[in-house]
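Peer 1: Submitted below is the structure of interest, expressed as structure tokens.
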Amino acid sequence: EGRRATRSTTEEAIAERRKWLDEREAAVLARSKLSSYVPPNSVDRRAETDNPFAEAREQNVAVLFVDIVGFTKFCASAAPERAFQALRLFLDIMSQIVFQHDGTLDKFVGDGLMATFGTPDNGPRDAADAVRCAFAMCEANTVMNQHGGEDAVSFEVAIGVHWGPVCLGNVGSANRMEFAVVGTTVNVASRLERAARDLGCNIVISDAALRTALNEGLETSGELADRGDIAIRGHDQAVHVWSA
């Protein structure tokens, strides 16, 4: 009986050790996944939460879309290696700018990306961060165009920024889960990015986003032009916008 008791104790110890290893592996994977969404300096704080992305809820956030103008046409004549090299560089730099402005990288969308500000938790300057991020992206793109070397590709960017309520939480299946931000605010931000082409500018910001950003302490120096109301496809009401 002594041997049986010893064996039982050993098995319990092994089971506990396996449980600890499983929990540690899960924590490492969760941290790795978290770091792909949010700024590196906020991973530690958000990793302390059991699952910062799990709870489905509604809250106000700023949404930003950025896209390369004319990239599809460029791909038609460029070698695949050159096209993907240029795209990887662009997306890498734009992602870093999102993180520098406390944004969350929601997803890559073709030759652009979607970022949110105020997810998974709201901050004191979400809209202001989104607007500053938009201008930083334009500035970075200008630098890339001017100092990329002989083989550099010169691109124009289109950026849309909107602020308002969204639904957010995890979606997917048992095999694959993704953090999702959905709703009218997301759709409008995407339409504003596309509207930049029609308006002949790089940045289109909704009045709702700009007013919120100003209330959060954003300082402007006259770069933005009031473009009035514009129609948004799929949206019943016109949206008052500003451009740069």
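Order determines the names: the first chain of the structure tokens is A, the second B, and so forth; residues in each chain are numbered 1 upward, and ligands are numbered 1 upward as they are shown.
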Would you mind writing down, as a PyMOL selection string, each residue of stretch 114-239 of chain A that DSSP on the backbone assigns to strand (DSSP E)?

Peer 2: chain A and resi 114-117+156-172+177-182+203-206+225-230+239

Peer 1: Compile the contact shell of A:Ile93 as a VMD selection string: residues with an atom at most 12 Å away, counting only C-alpha atoms, same-chain residues fewer than 6 positions apart removed.

Peer 2: chain A and resid 66 86 to 87 99 to 100 112 to 113 133 136 to 141 143 to 144

Peer 1: So that I can see what lies close to A:Arg194, please list as a ChimeraX atom specification the residues with an atom at most 10 Å from it, counting only C-alpha atoms and leaving out residues fewer than 4 positions away in the same chain.

Peer 2: /A:65-67,69,158-160,188-190,198-199,202-204,232

Peer 1: Between A:Val182, A:Ala76, A:Leu91, A:Cys167, which one has atoms that come closest to A:Glu55, using only C-alpha atoms?

Peer 2: A:Cys167

Peer 1: Which is closer to A:Arg233 than all the others in A:Thr184, A:Gln96, A:Asn215, A:Thr220, using only C-alpha atoms?

Peer 2: A:Thr184

Peer 1: Show which residues sit within 6 Å of stretch 241-243 of chain A, as a PyMOL selection string. Count only C-alpha atoms, and ignore same-chain residues fewer than 5 positions away.

Peer 2: chain A and resi 203-207+224-228

Peer 1: Go ahead and dump the residues you just picked, N, CA and C atoms, as a PDB file, in the first residue's frame.

Peer 2:
```
ATOM      1  N   ILE A 203      -5.984  62.745 -46.526  1.00  0.00           N
ATOM      2  CA  ILE A 203      -6.651  62.436 -45.275  1.00  0.00           C
ATOM      3  C   ILE A 203      -8.067  63.004 -45.289  1.00  0.00           C
ATOM      4  N   VAL A 204      -9.037  62.194 -44.879  1.00  0.00           N
ATOM      5  CA  VAL A 204     -10.409  62.650 -44.667  1.00  0.00           C
ATOM      6  C   VAL A 204     -10.809  62.258 -43.249  1.00  0.00           C
ATOM      7  N   ILE A 205     -11.196  63.249 -42.464  1.00  0.00           N
ATOM      8  CA  ILE A 205     -11.562  63.037 -41.067  1.00  0.00           C
ATOM      9  C   ILE A 205     -12.990  63.509 -40.855  1.00  0.00           C
ATOM     10  N   SER A 206     -13.800  62.700 -40.225  1.00  0.00           N
ATOM     11  CA  SER A 206     -15.174  63.112 -39.957  1.00  0.00           C
ATOM     12  C   SER A 206     -15.197  64.229 -38.923  1.00  0.00           C
ATOM     13  N   ASP A 207     -16.227  65.046 -38.975  1.00  0.00           N
ATOM     14  CA  ASP A 207     -16.380  66.131 -38.005  1.00  0.00           C
ATOM     15  C   ASP A 207     -16.501  65.560 -36.593  1.00  0.00           C
ATOM     16  N   LEU A 224      -6.176  71.415 -41.827  1.00  0.00           N
ATOM     17  CA  LEU A 224      -7.426  70.786 -42.237  1.00  0.00           C
ATOM     18  C   LEU A 224      -8.360  71.787 -42.915  1.00  0.00           C
ATOM     19  N   ALA A 225      -8.985  71.339 -43.995  1.00  0.00           N
ATOM     20  CA  ALA A 225      -9.950  72.161 -44.734  1.00  0.00           C
ATOM     21  C   ALA A 225     -11.349  71.600 -44.523  1.00  0.00           C
ATOM     22  N   ASP A 226     -12.289  72.465 -44.259  1.00  0.00           N
ATOM     23  CA  ASP A 226     -13.682  72.065 -44.066  1.00  0.00           C
ATOM     24  C   ASP A 226     -14.289  71.748 -45.430  1.00  0.00           C
ATOM     25  N   ARG A 227     -14.678  70.501 -45.634  1.00  0.00           N
ATOM     26  CA  ARG A 227     -15.250  70.091 -46.922  1.00  0.00           C
ATOM     27  C   ARG A 227     -16.757  69.932 -46.863  1.00  0.00           C
ATOM     28  N   GLY A 228     -17.368  70.266 -45.738  1.00  0.00           N
ATOM     29  CA  GLY A 228     -18.815  70.180 -45.630  1.00  0.00           C
ATOM     30  C   GLY A 228     -19.310  68.739 -45.581  1.00  0.00           C
TER      31      GLY A 228
END
```

Peer 1: Restricting the calculation to only C-alpha atoms: of A:Val157, A:Val239, A:Val98, A:Ala79, which residue gets closest to A:Glu193?

Peer 2: A:Val157

Peer 1: Atom CA of A:Ala62 to atom CA of A:Glu156: how many Å, to one decimal?

Peer 2: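 So the two atoms, atom CA of A:Ala62 and atom CA of A:Glu156, lie 22.7 Å apart.
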
Peer 1: Suppose you want the space between atom CA of A:Pro120 and atom CA of A:Ser173; what is it in Å?

Peer 2: 20.4 Å

Peer 1: How would you write, as a list in words, the set of residues in stretch 169-241 of chain A that DSSP gives as alpha helix (DSSP H)?

Peer 2: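 Of stretch 169-241 of chain A, the ones in alpha helix (DSSP H) are Thr184, Thr185, Val186, Asn187, Val188, Ala189, Ser190, Arg191, Leu192, Glu193, Arg194, Ala195, Ala196, Arg197, Asp198, Leu199, Asp207, Ala208, Ala209, Leu210, Arg211, Thr212, Ala213, Leu214 and Asn215 of chain A.
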
Peer 1: So that I can check the surroundings of A:Glu58, please list as a count of residues only every protein, DNA and RNA residue that reaches within 10 Å of it, counting only C-alpha atoms and ignoring chain neighbours fewer than 4 positions away.

Peer 2: 8
